[in-house]
file run08.cif (mmCIF, C-alpha atoms)
data_target
#
loop_
_atom_site.label_atom_id
_atom_site.label_comp_id
_atom_site.auth_asym_id
_atom_site.auth_seq_id
_atom_site.Cartn_x
_atom_site.Cartn_y
_atom_site.Cartn_z
CA MET A 8 -81.82 -8.85 -45.80
CA SER A 9 -80.16 -6.03 -44.03
CA THR A 10 -77.10 -4.44 -45.58
CA GLU A 11 -76.16 -2.47 -42.52
CA PRO A 12 -72.94 -3.46 -41.03
CA ARG A 13 -73.09 -5.38 -37.88
CA PRO A 14 -72.07 -3.36 -34.90
CA ILE A 15 -68.70 -4.21 -33.72
CA GLN A 16 -68.74 -6.24 -30.62
CA ALA A 17 -66.16 -6.10 -27.96
CA SER A 18 -65.51 -9.82 -28.19
CA ASP A 19 -64.23 -9.49 -31.77
CA GLU A 20 -61.21 -7.33 -30.93
CA PRO A 21 -58.06 -8.56 -29.32
CA ARG A 22 -58.45 -7.99 -25.68
CA PRO A 23 -56.15 -5.25 -24.39
CA ARG A 24 -54.05 -6.42 -21.49
CA LYS A 25 -55.25 -5.15 -18.24
CA PRO A 26 -52.62 -3.48 -16.19
CA ARG A 27 -51.91 -5.41 -13.09
CA PRO A 28 -50.53 -2.83 -10.71
CA ARG A 29 -51.03 -4.97 -7.69
CA LEU A 30 -48.96 -7.79 -9.09
CA VAL A 31 -46.10 -5.49 -10.10
CA VAL A 32 -46.08 -3.78 -6.75
CA THR A 33 -46.25 -7.09 -4.97
CA LEU A 34 -43.37 -8.48 -6.98
CA ALA A 35 -41.30 -5.37 -6.42
CA ALA A 36 -42.04 -5.45 -2.73
CA ALA A 37 -41.15 -9.12 -2.57
CA LEU A 38 -37.87 -8.43 -4.31
CA ILE A 39 -37.07 -5.59 -1.96
CA VAL A 40 -37.91 -7.72 1.05
CA LEU A 41 -35.81 -10.55 -0.33
CA ALA A 42 -32.85 -8.25 -1.03
CA ALA A 43 -33.17 -6.60 2.36
CA GLY A 44 -33.42 -9.96 4.06
CA THR A 45 -30.43 -11.31 2.21
CA SER A 46 -28.47 -8.17 2.98
CA ALA A 47 -29.43 -8.40 6.63
CA VAL A 48 -28.32 -12.02 6.78
CA LEU A 49 -25.06 -11.21 4.99
CA ALA A 50 -24.48 -8.19 7.19
CA ARG A 51 -25.04 -10.33 10.27
CA LEU A 52 -22.59 -12.86 8.91
CA GLY A 53 -20.01 -10.32 7.83
CA ARG A 54 -17.73 -7.93 9.63
CA CYS A 55 -16.84 -4.29 9.25
CA ASP A 56 -14.47 -1.74 10.72
CA HIS A 57 -15.43 -0.12 14.00
CA ALA A 58 -13.30 2.92 14.63
CA GLY A 59 -12.65 4.87 17.78
CA PRO A 60 -10.29 7.65 18.82
CA PHE A 61 -6.76 6.86 19.89
CA THR A 62 -7.10 7.94 23.49
CA LEU A 63 -3.79 8.09 25.27
CA VAL A 64 -3.56 5.68 28.17
CA MET A 65 -0.57 6.26 30.39
CA GLY A 66 1.29 3.16 31.42
CA GLN A 67 3.09 2.53 34.67
CA ALA A 68 5.37 5.47 34.02
CA GLY A 69 3.24 7.86 35.96
CA GLU A 70 4.16 6.51 39.38
CA GLU A 71 7.41 8.33 39.91
CA ARG A 72 6.85 11.41 42.06
CA ASP A 73 10.32 12.44 43.18
CA ALA A 74 11.09 15.60 41.18
CA ALA A 75 14.84 15.49 41.70
CA ARG A 76 15.00 11.88 40.63
CA LEU A 77 12.91 12.57 37.55
CA ARG A 78 15.22 15.39 36.51
CA LYS A 79 18.27 13.20 37.01
CA ARG A 80 16.83 10.39 34.93
CA ALA A 81 15.84 12.80 32.15
CA ALA A 82 19.30 14.35 32.11
CA GLN A 83 20.97 10.94 31.93
CA ALA A 84 18.80 9.82 29.05
CA GLN A 85 19.35 13.09 27.21
CA LYS A 86 23.09 12.80 27.72
CA GLU A 87 23.05 9.28 26.33
CA ILE A 88 21.23 10.40 23.19
CA GLU A 89 23.64 13.29 22.73
CA ARG A 90 26.56 10.92 23.11
CA VAL A 91 25.49 8.63 20.28
CA ARG A 92 24.16 11.14 17.77
CA PRO A 93 26.21 11.62 14.59
CA ARG A 94 28.80 14.35 14.42
CA GLY A 95 31.14 15.58 11.72
CA VAL A 96 30.84 14.08 8.25
CA TYR A 97 28.40 11.25 7.68
CA LEU A 98 26.39 9.72 4.85
CA VAL A 99 22.63 9.31 4.68
CA VAL A 100 21.12 6.93 2.12
CA ASP A 101 17.42 7.07 1.33
CA THR A 102 16.78 3.65 -0.21
CA TYR A 103 13.21 4.50 -1.19
CA ARG A 104 14.04 7.56 -3.27
CA ASN A 105 17.52 6.32 -4.16
CA ARG A 106 19.32 9.37 -2.92
CA LEU A 107 22.59 9.71 -1.05
CA PHE A 108 23.50 12.74 1.05
CA LEU A 109 26.94 13.60 2.32
CA GLU A 110 26.38 15.78 5.37
CA GLU A 111 28.53 17.55 7.89
CA ASN A 112 26.97 18.64 11.17
CA GLY A 113 23.58 18.89 9.57
CA LYS A 114 24.67 20.68 6.42
CA VAL A 115 24.24 18.78 3.15
CA LEU A 116 27.56 18.91 1.30
CA ARG A 117 26.48 16.73 -1.61
CA SER A 118 23.21 15.25 -2.76
CA ALA A 119 23.47 12.42 -5.26
CA VAL A 120 21.25 10.08 -7.18
CA CYS A 121 22.14 6.48 -6.41
CA SER A 122 20.84 2.96 -6.92
CA THR A 123 20.08 0.65 -4.04
CA GLY A 124 18.91 -2.94 -3.51
CA LYS A 125 16.09 -4.27 -5.64
CA GLY A 126 14.62 -6.37 -2.85
CA ALA A 127 14.36 -9.56 -4.90
CA VAL A 128 15.11 -13.03 -3.58
CA LEU A 129 17.47 -15.36 -5.46
CA ARG A 130 17.14 -19.09 -4.82
CA ASP A 131 19.91 -21.55 -5.59
CA PRO A 132 18.26 -24.45 -7.47
CA ARG A 133 20.82 -26.90 -6.11
CA ASN A 134 20.16 -26.51 -2.40
CA GLY A 135 17.44 -23.90 -1.94
CA HIS A 136 19.80 -21.38 -0.37
CA GLU A 137 18.42 -17.86 -0.68
CA TRP A 138 19.90 -14.40 -0.96
CA ILE A 139 17.85 -11.27 -0.37
CA PHE A 140 19.00 -8.33 -2.43
CA ASP A 141 18.25 -5.59 0.08
CA THR A 142 20.34 -2.62 1.02
CA PRO A 143 20.59 -3.04 4.79
CA MET A 144 18.95 -0.43 7.00
CA GLY A 145 20.50 1.10 10.06
CA GLU A 146 23.91 2.51 10.83
CA ARG A 147 27.10 1.29 9.24
CA VAL A 148 30.64 2.57 9.10
CA VAL A 149 33.03 3.06 6.19
CA GLN A 150 35.53 0.34 7.06
CA SER A 151 37.93 0.76 4.16
CA LYS A 152 38.28 2.54 0.83
CA THR A 153 40.09 1.76 -2.36
CA LYS A 154 40.82 3.12 -5.82
CA ASN A 155 40.30 0.96 -8.90
CA PRO A 156 38.53 -1.74 -6.96
CA VAL A 157 38.30 -5.31 -8.12
CA TRP A 158 35.09 -7.14 -7.41
CA ALA A 159 35.53 -10.64 -6.08
CA LYS A 160 32.27 -12.07 -7.25
CA PRO A 161 30.28 -14.12 -4.78
CA ASP A 162 28.31 -17.21 -5.77
CA TRP A 163 25.04 -15.35 -6.30
CA ALA A 164 26.52 -13.29 -9.11
CA PHE A 165 26.86 -16.49 -11.15
CA ILE A 166 23.71 -18.23 -9.99
CA GLU A 167 21.57 -15.23 -10.90
CA GLU A 168 22.85 -15.53 -14.47
CA GLY A 169 22.21 -19.27 -14.56
CA TYR A 170 25.84 -20.36 -14.18
CA LEU A 171 27.49 -22.72 -11.78
CA PRO A 172 29.81 -20.72 -9.51
CA PRO A 173 33.45 -21.36 -10.42
CA PRO A 174 35.90 -22.52 -7.73
CA PRO A 175 37.07 -19.87 -5.26
CA GLY A 176 40.08 -17.96 -6.53
CA SER A 177 39.50 -18.73 -10.19
CA ASP A 178 39.92 -15.97 -12.73
CA GLU A 179 36.21 -15.78 -13.49
CA ARG A 180 35.65 -14.59 -9.96
CA PHE A 181 37.42 -11.27 -10.46
CA ASP A 182 35.95 -8.29 -12.24
CA ASN A 183 37.90 -5.05 -12.43
CA ALA A 184 35.35 -3.00 -14.34
CA SER A 185 31.98 -3.19 -12.60
CA LEU A 186 32.74 -1.19 -9.45
CA GLY A 187 33.99 1.95 -11.16
CA ASP A 188 36.96 4.01 -9.99
CA TYR A 189 36.43 3.92 -6.22
CA ALA A 190 34.86 1.77 -3.56
CA LEU A 191 33.93 2.41 0.06
CA TYR A 192 33.36 -0.81 1.99
CA ILE A 193 30.68 -0.64 4.69
CA GLY A 194 30.78 -4.22 5.95
CA ASN A 195 29.22 -7.61 5.18
CA GLY A 196 30.11 -7.29 1.51
CA TYR A 197 28.14 -4.06 1.01
CA ILE A 198 29.98 -1.41 -0.97
CA ILE A 199 29.43 2.14 -2.15
CA HIS A 200 30.81 2.01 -5.67
CA GLY A 201 30.44 3.16 -9.28
CA THR A 202 28.49 1.60 -12.10
CA LEU A 203 28.51 0.80 -15.77
CA PHE A 204 24.73 1.12 -15.83
CA LYS A 205 24.41 4.86 -15.35
CA SER A 206 20.96 4.98 -16.91
CA LEU A 207 19.68 2.96 -13.97
CA LEU A 208 20.79 5.42 -11.32
CA GLY A 209 17.80 6.48 -9.26
CA ARG A 210 16.25 3.03 -9.43
CA PRO A 211 16.41 0.11 -7.00
CA VAL A 212 18.32 -2.38 -9.13
CA THR A 213 21.34 -3.49 -7.14
CA HIS A 214 22.03 -6.56 -5.05
CA GLY A 215 22.34 -4.45 -1.91
CA CYS A 216 25.32 -2.24 -2.73
CA ILE A 217 24.94 1.49 -3.34
CA ARG A 218 25.88 2.62 -6.82
CA LEU A 219 26.82 6.20 -7.62
CA GLY A 220 27.69 8.13 -10.74
CA ASP A 221 31.38 8.85 -11.39
CA GLU A 222 31.54 12.43 -10.12
CA ASP A 223 29.46 11.81 -7.04
CA LEU A 224 31.50 8.73 -6.21
CA GLU A 225 34.73 10.65 -6.46
CA PHE A 226 33.36 13.41 -4.23
CA VAL A 227 32.18 10.94 -1.62
CA TYR A 228 35.46 9.05 -1.78
CA ARG A 229 37.44 12.23 -1.16
CA HIS A 230 35.24 13.63 1.62
CA ALA A 231 34.17 10.55 3.59
CA PRO A 232 37.15 9.22 5.52
CA ILE A 233 37.38 5.73 6.95
CA GLY A 234 35.18 5.64 10.05
CA THR A 235 32.46 7.78 8.48
CA ARG A 236 29.06 6.66 9.67
CA VAL A 237 26.46 5.72 7.08
CA TYR A 238 22.73 5.88 7.86
CA LEU A 239 20.62 3.77 5.57
CA TYR A 240 16.83 3.84 5.67
CA MET B 11 6.92 13.49 4.06
CA ARG B 12 9.87 15.74 4.27
CA ARG B 13 13.54 15.03 4.54
CA LEU B 14 14.88 16.86 7.54
CA ALA B 15 18.27 18.46 7.70
CA HIS B 16 20.50 17.38 10.50
CA ALA B 17 20.19 20.89 11.85
CA CYS B 18 16.79 20.02 13.18
CA ILE B 19 18.02 17.14 15.21
CA CYS B 20 15.14 16.94 17.56
CA THR B 21 15.50 14.02 19.84
CA SER B 22 11.93 14.79 20.79
CA LEU B 23 9.75 17.23 22.61
CA VAL B 24 10.32 15.06 25.61
CA ALA B 25 13.97 15.91 25.51
CA ALA B 26 13.18 19.58 25.33
CA ALA B 27 10.88 19.26 28.29
CA ALA B 28 13.42 17.30 30.23
CA SER B 29 16.23 19.72 29.61
CA ALA B 30 14.16 22.75 30.42
CA GLY B 31 15.39 22.59 33.98
CA ASP B 32 12.82 24.80 35.61
CA GLU B 33 9.91 22.74 34.49
CA LEU B 34 9.45 19.33 36.01
CA PRO B 35 9.25 16.69 33.26
CA SER B 36 6.36 14.31 33.61
CA ALA B 37 7.14 10.74 34.59
CA SER B 38 5.84 9.45 31.26
CA ALA B 39 8.00 11.96 29.37
CA VAL B 40 11.06 10.75 31.25
CA VAL B 41 10.24 7.12 30.55
CA ALA B 42 9.77 7.99 26.86
CA LEU B 43 13.16 9.68 26.85
CA GLU B 44 14.75 6.63 28.46
CA LEU B 45 13.14 4.35 25.91
CA GLU B 46 14.46 6.54 23.12
CA ALA B 47 17.94 6.51 24.63
CA GLY B 48 17.76 2.72 24.64
CA LEU B 49 16.92 2.68 20.94
CA ALA B 50 19.44 5.37 20.03
CA ARG B 51 22.18 3.23 21.57
CA GLN B 52 21.58 0.61 18.87
CA SER B 53 22.65 0.91 15.25
CA VAL B 54 19.10 0.50 13.97
CA VAL B 55 16.55 2.65 12.23
CA TYR B 56 13.39 3.00 14.29
CA LEU B 57 10.07 4.81 14.07
CA HIS B 58 8.75 7.33 16.56
CA LEU B 59 4.99 7.68 16.72
CA ASP B 60 3.67 10.67 18.58
CA PRO B 61 -0.14 10.58 18.55
CA GLY B 62 -0.32 13.96 20.28
CA ARG B 63 1.68 15.76 17.60
CA ARG B 64 0.32 13.47 14.90
CA THR B 65 3.71 12.62 13.51
CA LEU B 66 5.53 9.45 12.59
CA GLU B 67 9.26 9.93 12.33
CA ILE B 68 11.99 7.72 10.89
CA LYS B 69 14.96 8.01 13.22
CA ALA B 70 18.43 6.68 13.89
CA ARG B 71 20.64 7.55 16.84
CA GLY B 72 18.00 9.98 18.05
CA VAL B 73 18.13 11.94 14.80
CA VAL B 74 15.04 12.49 12.66
CA LEU B 75 15.77 11.27 9.14
CA GLU B 76 12.25 11.86 7.83
CA SER B 77 8.96 12.96 9.29
CA VAL B 78 5.44 12.07 8.20
CA ASN B 79 2.41 14.13 9.12
CA LEU B 80 -0.57 12.01 10.06
CA THR B 81 -3.97 13.12 8.83
CA GLY B 82 -5.71 10.81 11.27
CA ILE B 83 -5.06 8.26 13.97
CA GLU B 84 -7.71 5.85 15.18
CA LEU B 85 -8.21 2.45 16.70
CA VAL B 86 -10.03 0.18 14.30
CA ASN B 87 -11.51 -3.19 15.13
CA TYR B 88 -12.83 -5.54 12.45
CA GLN B 89 -15.93 -7.03 14.05
CA PRO B 90 -19.57 -7.94 13.40
CA LEU B 91 -21.81 -5.01 12.59
CA VAL B 92 -23.93 -5.59 15.67
CA GLY B 93 -22.16 -5.72 18.99
CA GLY B 94 -18.73 -4.71 17.66
CA HIS B 95 -16.57 -2.64 19.94
CA VAL B 96 -13.22 -0.88 19.93
CA PRO B 97 -10.78 -2.01 22.63
CA ALA B 98 -8.93 0.48 24.80
CA ALA B 99 -5.74 1.86 23.36
CA PRO B 100 -2.49 0.21 24.44
CA PRO B 101 -0.65 2.17 27.13
CA VAL B 102 2.11 4.62 26.25
CA PRO B 103 4.98 5.32 26.37
CA ALA B 104 5.98 2.00 24.90
CA VAL B 105 8.19 0.29 22.36
CA TRP B 106 6.40 -1.94 19.90
CA LYS B 107 8.08 -4.37 17.56
CA VAL B 108 6.94 -5.27 14.05
CA THR B 109 6.64 -9.06 13.81
CA SER B 110 5.47 -9.30 10.22
CA ALA B 111 5.28 -6.82 7.36
CA PRO B 112 4.03 -7.27 3.79
CA SER B 113 7.22 -5.84 2.31
CA ASP B 114 9.06 -8.87 3.72
CA ARG B 115 6.72 -11.31 2.02
CA GLU B 116 5.97 -9.69 -1.32
CA ARG B 117 9.26 -10.03 -3.11
CA GLU B 118 10.25 -10.94 -6.61
CA LEU B 119 11.72 -14.46 -6.62
CA ILE B 120 14.55 -15.30 -9.01
CA THR B 121 14.83 -19.04 -9.46
CA PRO B 122 16.98 -20.36 -12.28
CA GLU B 123 15.79 -23.88 -13.05
CA THR B 124 19.24 -25.27 -13.67
CA LEU B 125 22.78 -23.98 -13.58
CA ARG B 126 25.11 -24.56 -16.51
CA PRO B 127 28.89 -24.54 -16.37
CA MET B 128 30.73 -21.56 -17.73
CA GLN B 129 32.32 -22.42 -21.06
CA ASP B 130 34.78 -19.63 -21.54
CA GLU B 131 35.40 -16.07 -20.48
CA GLU B 132 33.17 -14.53 -23.08
CA GLU B 133 30.22 -16.38 -21.70
CA ALA B 134 30.95 -15.30 -18.18
CA PRO B 135 28.37 -13.07 -16.57
CA ALA B 136 30.94 -10.36 -16.04
CA ALA B 137 29.53 -6.93 -16.66
CA ALA B 138 32.79 -5.86 -18.17
CA ALA B 139 31.44 -5.59 -21.66
CA SER B 140 32.04 -2.31 -23.38
CA ASN B 141 28.37 -1.74 -24.07
CA PRO B 142 26.43 -3.35 -21.27
CA SER B 143 22.74 -3.76 -21.77
CA PRO B 144 20.91 -3.41 -18.49
CA THR B 145 17.88 -5.50 -17.79
CA PRO B 146 16.01 -3.63 -15.09
CA THR B 147 13.72 -5.50 -12.77
CA VAL B 148 10.06 -4.66 -13.07
CA ILE B 149 9.26 -2.91 -9.83
CA ALA B 150 5.81 -3.46 -8.35
CA GLU B 151 3.96 -0.37 -7.22
CA ALA B 152 3.83 -0.09 -3.43
CA PRO B 153 0.32 -0.11 -1.99
CA THR B 154 -1.36 2.91 -0.43
CA SER B 155 -2.76 0.83 2.41
CA PHE B 156 -1.15 -2.04 4.28
CA ARG B 157 -1.02 -3.73 7.66
CA ALA B 158 1.93 -4.88 9.70
CA SER B 159 1.62 -7.13 12.75
CA LEU B 160 2.94 -5.94 16.08
CA ASP B 161 4.22 -7.96 19.02
CA MET B 162 1.43 -6.77 21.32
CA SER B 163 -1.39 -8.48 19.39
CA TRP B 164 -2.35 -5.31 17.53
CA ASP B 165 -1.81 -4.47 13.89
CA LEU B 166 -0.37 -1.25 12.60
CA TRP B 167 -2.49 -0.18 9.65
CA LEU B 168 -1.12 2.54 7.42
CA THR B 169 -3.60 3.89 4.94
CA ASN B 170 -4.32 6.94 2.87
CA SER B 171 -7.89 7.14 4.20
CA LEU B 172 -9.55 5.99 7.39
CA PRO B 173 -12.44 3.55 6.93
CA PRO B 174 -15.79 5.36 6.61
CA GLN B 175 -17.87 5.09 9.76
CA GLY B 176 -21.34 6.00 8.53
CA LEU B 177 -24.00 3.39 9.27
CA TRP B 178 -24.68 2.79 5.60
CA SER B 179 -20.98 2.43 4.79
CA ARG B 180 -20.47 -0.07 7.58
CA PHE B 181 -23.62 -1.96 6.58
CA ALA B 182 -22.42 -2.17 2.98
CA ALA B 183 -18.98 -3.31 4.15
CA ALA B 184 -20.54 -5.98 6.36
CA VAL B 185 -22.73 -7.22 3.49
CA LYS B 186 -19.72 -7.43 1.21
CA ASP B 187 -17.71 -9.26 3.86
CA GLY B 188 -20.62 -11.59 4.56
CA TRP B 189 -20.83 -12.45 0.87
CA GLN B 190 -17.11 -13.19 0.80
CA ARG B 191 -17.38 -15.32 3.93
CA MET B 192 -20.17 -17.32 2.33
CA HIS B 193 -17.75 -18.08 -0.46
CA GLY B 194 -14.90 -18.90 1.87
CA HIS B 195 -12.94 -15.70 1.32
CA GLY B 196 -13.64 -13.90 4.56
CA GLU B 197 -10.80 -12.07 6.23
CA SER B 198 -9.93 -11.67 9.87
CA HIS B 199 -7.90 -8.80 11.20
CA SER B 200 -6.51 -7.98 14.59
CA ALA B 201 -7.51 -4.67 16.07
CA ALA B 202 -5.37 -2.02 14.46
CA ILE B 203 -3.75 1.25 15.37
CA THR B 204 -4.62 3.02 12.17
CA LEU B 205 -2.53 5.86 10.83
CA ALA B 206 -3.84 7.92 7.92
CA MET B 207 -1.40 9.86 5.78
CA ALA B 208 -0.73 10.96 2.21
CA PRO B 209 -0.51 8.05 -0.29
CA GLU B 210 3.14 8.76 -1.08
CA ASP B 211 3.97 8.54 2.62
CA VAL B 212 2.27 5.14 2.88
CA LYS B 213 4.40 3.91 -0.01
CA ARG B 214 7.55 5.24 1.57
CA LEU B 215 6.75 3.55 4.90
CA TYR B 216 5.83 0.31 3.12
CA HIS B 217 9.43 0.28 1.97
CA VAL B 218 10.82 0.97 5.45
CA ILE B 219 8.66 -1.14 7.76
CA ARG B 220 10.13 -4.62 8.07
CA ALA B 221 9.87 -7.43 10.58
CA GLY B 222 11.97 -6.62 13.62
CA MET B 223 11.63 -2.86 13.32
CA THR B 224 10.89 -1.05 16.57
CA ILE B 225 8.38 1.73 17.05
CA LEU B 226 8.69 4.12 19.93
CA VAL B 227 5.31 5.50 20.98
CA THR B 228 5.24 8.54 23.17
CA ALA B 229 2.70 11.06 24.33
CA ASP B 230 4.41 14.40 24.29
CA THR B 231 1.31 16.47 24.10
CA PRO B 232 -2.11 15.74 25.52
#
call {"tool": "encode", "arguments": {"input": "run08.cif", "output": "structure tokens"}}
result
Amino acid sequence: MSTEPRPIQASDEPRPRKPRPRLVVTLAAALIVLAAGTSAVLARLGRCDHAGPFTLVMGQAGEERDAARLRKRAAQAQKEIERVRPRGVYLVVDTYRNRLFLEENGKVLRSAVCSTGKGAVLRDPRNGHEWIFDTPMGERVVQSKTKNPVWAKPDWAFIEEGYLPPPPGSDERFDNASLGDYALYIGNGYIIHGTLFKSLLGRPVTHGCIRLGDEDLEFVYRHAPIGTRVYLY
Amino acid sequence: MRRLAHACICTSLVAAAASAGDELPSASAVVALELEAGLARQSVVYLHLDPGRRTLEIKARGVVLESVNLTGIELVNYQPLVGGHVPAAPPVPAVWKVTSAPSDRERELITPETLRPMQDEEEAPAAAASNPSPTPTVIAEAPTSFRASLDMSWDLWLTNSLPPQGLWSRFAAAVKDGWQRMHGHGESHSAAITLAMAPEDVKRLYHVIRAGMTILVTADTP
């Protein structure tokens, strides 16, 4: 009987896995083709931005040839613009940055931090009536001014707080503290006035009025006469 | 954007050209001036877009209140990747009107559920208290890209960066849009006059551009 060990045969060992490069490559290729195909289909289905230069195209304006007539029209238009442009003292209110400027013929006399409309919408639960708390844009005029103003509260002032508006003329309607020492009325209930909430100056928190700090308000009150134009943007 | 002093009231380059006297103003410059005079007559704030000078100005009564420098101006059309085209620019000079703007729609809504009667003076909402406690509204951040609809079937798109136009970028955008369309979220946009500017300027104009606002478009320089 032989004591020599039996030679190891290949069939006794666990078979090492054969690499299958072709399968891997094929799978990868299939995935790529699938992804590309899907992308192509999606791209065909979808849309994207096509951009081109803004090339100026002249409208019908270019038909006028009479030089004298052109000059006359230009002069008339220029004269019209000159006629309406602001002169003297006027106010400019930047409602984005919450800044007010008192200017005179282009020179800034006073720059002030203010608060303007918060832009929210208030809805009356009883009838769906809505108020938009925007500071209006455009040109307005100081229609009247007063010292120690009293605020006659409109309905929204109560509704916003969750109260039923009291009858017109009732005592609850009148508030002699909120508007500060001075008020400049610029129409449609909009007022340039003072505030109790000085820490909120510089932020859009009002119901459309323009709030100023005490010193700035006094300066504006003294230097902006009735009739002063106000430019709000 | 810079706030301009009144000293630099510049009705426009058109005005300068028109008043030069010796030099004959072009017909389009005169029409632009007449359009501006028509707007200046009204008590409104309007915008003045000058593609030639690459500026967008906020004006009232012919006076520049603020001026924005544009870093780019393009016509952008949202169309299929293959076969998409950009329409010809609308003619100028012209006055466009904003028919719809996001700042008009995206507002905080205050809706008390019920209203209760006032019991006594102390409960009144008067702000006459000696130590008022303000409750500031949370203010949403303005976007750095938005579209407003114009009355001449175009959009005005204000953005801090123009859409990339490389083939790969457009392909990727189309794939993304296609995916969204498959899921019912696809968007459609009108062709847009696209103005690129600094992000802060987009925010500022988001605040200003409202439905009804007019935009004067002129071509002062070629």
call {"tool": "resolve_selection", "arguments": {"input": "run08.cif", "expression": "the PyMOL selection byres ((chain A) within 6 of (chain B))", "output": "PyMOL selection string"}}
result
chain A and resi 46+49-50+52-61+64-66+68-69+71+81+84+88+92+113+127-130+145-146+169-171+184
call {"tool": "resolve_selection", "arguments": {"input": "run08.cif", "expression": "the PyMOL selection byres ((chain A and resi 142) around 6)", "output": "PDB file with C-alpha atoms, in the frame of the given file"}}
result
ATOM      1  CA  GLY A 124      18.910  -2.940  -3.510  1.00  0.00           C
ATOM      2  CA  ASP A 141      18.250  -5.590   0.080  1.00  0.00           C
ATOM      3  CA  PRO A 143      20.590  -3.040   4.790  1.00  0.00           C
ATOM      4  CA  GLY A 215      22.340  -4.450  -1.910  1.00  0.00           C
TER       5      GLY A 215
END
call {"tool": "resolve_selection", "arguments": {"input": "run08.cif", "expression": "the PyMOL selection byres ((chain A and resi 232) around 12)", "output": "count of residues only"}}
result
26
call {"tool": "closest_residue", "arguments": {"input": "run08.cif", "among": "B:Ser155, B:Val105, B:Ala150, B:Leu59", "to": "Ser171 of chain B", "atoms": "only C-alpha atoms"}}
result
B:Ser155
call {"tool": "residues_near_point", "arguments": {"input": "run08.cif", "point": "(14.4, 6.5, -5.6)", "cutoff": "6 Å", "atoms": "all atoms listed in the file", "output": "list in words"}}
result
Tyr103, Arg104, Asn105, Gly209 and Arg210 of chain A
call {"tool": "closest_residue", "arguments": {"input": "run08.cif", "among": "B:Ser159, B:Thr154, B:Thr169, B:Asn79", "to": "Asp60 of chain B", "atoms": "all atoms listed in the file"}}
result
B:Asn79
call {"tool": "atom_distance", "arguments": {"input": "run08.cif", "atom1": "atom CA of Val115 of chain A", "atom2": "atom CA of Thr65 of chain B"}}
result
23.8 Å
call {"tool": "atom_distance", "arguments": {"input": "run08.cif", "atom1": "atom CA of Ser118 of chain A", "atom2": "atom CA of Arg106 of chain A"}}
result
7.1 Å
call {"tool": "atom_distance", "arguments": {"input": "run08.cif", "atom1": "atom CA of Trp138 of chain A", "atom2": "atom CA of Lys125 of chain A"}}
result
11.8 Å
call {"tool": "residues_near_point", "arguments": {"input": "run08.cif", "point": "(18.6, 7.0, -6.7)", "cutoff": "12 Å", "atoms": "all atoms listed in the file", "output": "JSON, numbers by chain"}}
result
{"A": [100, 101, 102, 103, 104, 105, 106, 107, 108, 118, 119, 120, 121, 122, 123, 124, 125, 205, 206, 207, 208, 209, 210, 211, 212, 213, 217, 218, 219, 220, 223]}
call {"tool": "closest_residue", "arguments": {"input": "run08.cif", "among": "B:Val78, B:Val108, B:Ala221, B:Val212", "to": "Leu166 of chain B", "atoms": "all atoms listed in the file"}}
result
B:Val108
call {"tool": "build_atoms", "arguments": {"input": "run08.cif", "residues": "segment 159-169 of chain B", "atoms": "N, CA and C atoms", "output": "PDB file, keeping the file's coordinate frame"}}
result
ATOM      1  N   SER B 159       1.971  -6.575  11.437  1.00  0.00           N
ATOM      2  CA  SER B 159       1.620  -7.130  12.750  1.00  0.00           C
ATOM      3  C   SER B 159       2.618  -6.655  13.798  1.00  0.00           C
ATOM      4  N   LEU B 160       2.092  -6.375  14.981  1.00  0.00           N
ATOM      5  CA  LEU B 160       2.940  -5.940  16.080  1.00  0.00           C
ATOM      6  C   LEU B 160       3.017  -7.037  17.143  1.00  0.00           C
ATOM      7  N   ASP B 161       4.021  -6.913  18.008  1.00  0.00           N
ATOM      8  CA  ASP B 161       4.220  -7.960  19.020  1.00  0.00           C
ATOM      9  C   ASP B 161       3.213  -7.885  20.166  1.00  0.00           C
ATOM     10  N   MET B 162       2.368  -6.866  20.203  1.00  0.00           N
ATOM     11  CA  MET B 162       1.430  -6.770  21.320  1.00  0.00           C
ATOM     12  C   MET B 162       0.000  -7.043  20.857  1.00  0.00           C
ATOM     13  N   SER B 163      -0.117  -7.947  19.903  1.00  0.00           N
ATOM     14  CA  SER B 163      -1.390  -8.480  19.390  1.00  0.00           C
ATOM     15  C   SER B 163      -2.207  -7.457  18.589  1.00  0.00           C
ATOM     16  N   TRP B 164      -1.689  -6.285  18.391  1.00  0.00           N
ATOM     17  CA  TRP B 164      -2.350  -5.310  17.530  1.00  0.00           C
ATOM     18  C   TRP B 164      -1.689  -5.320  16.151  1.00  0.00           C
ATOM     19  N   ASP B 165      -2.408  -4.761  15.199  1.00  0.00           N
ATOM     20  CA  ASP B 165      -1.810  -4.470  13.890  1.00  0.00           C
ATOM     21  C   ASP B 165      -1.505  -2.988  13.811  1.00  0.00           C
ATOM     22  N   LEU B 166      -0.574  -2.651  12.959  1.00  0.00           N
ATOM     23  CA  LEU B 166      -0.370  -1.250  12.600  1.00  0.00           C
ATOM     24  C   LEU B 166      -0.863  -1.126  11.173  1.00  0.00           C
ATOM     25  N   TRP B 167      -1.878  -0.308  10.981  1.00  0.00           N
ATOM     26  CA  TRP B 167      -2.490  -0.180   9.650  1.00  0.00           C
ATOM     27  C   TRP B 167      -2.180   1.218   9.125  1.00  0.00           C
ATOM     28  N   LEU B 168      -1.435   1.262   8.049  1.00  0.00           N
ATOM     29  CA  LEU B 168      -1.120   2.540   7.420  1.00  0.00           C
ATOM     30  C   LEU B 168      -1.960   2.671   6.162  1.00  0.00           C
ATOM     31  N   THR B 169      -2.671   3.757   6.055  1.00  0.00           N
ATOM     32  CA  THR B 169      -3.600   3.890   4.940  1.00  0.00           C
ATOM     33  C   THR B 169      -3.720   5.359   4.534  1.00  0.00           C
TER      34      THR B 169
END
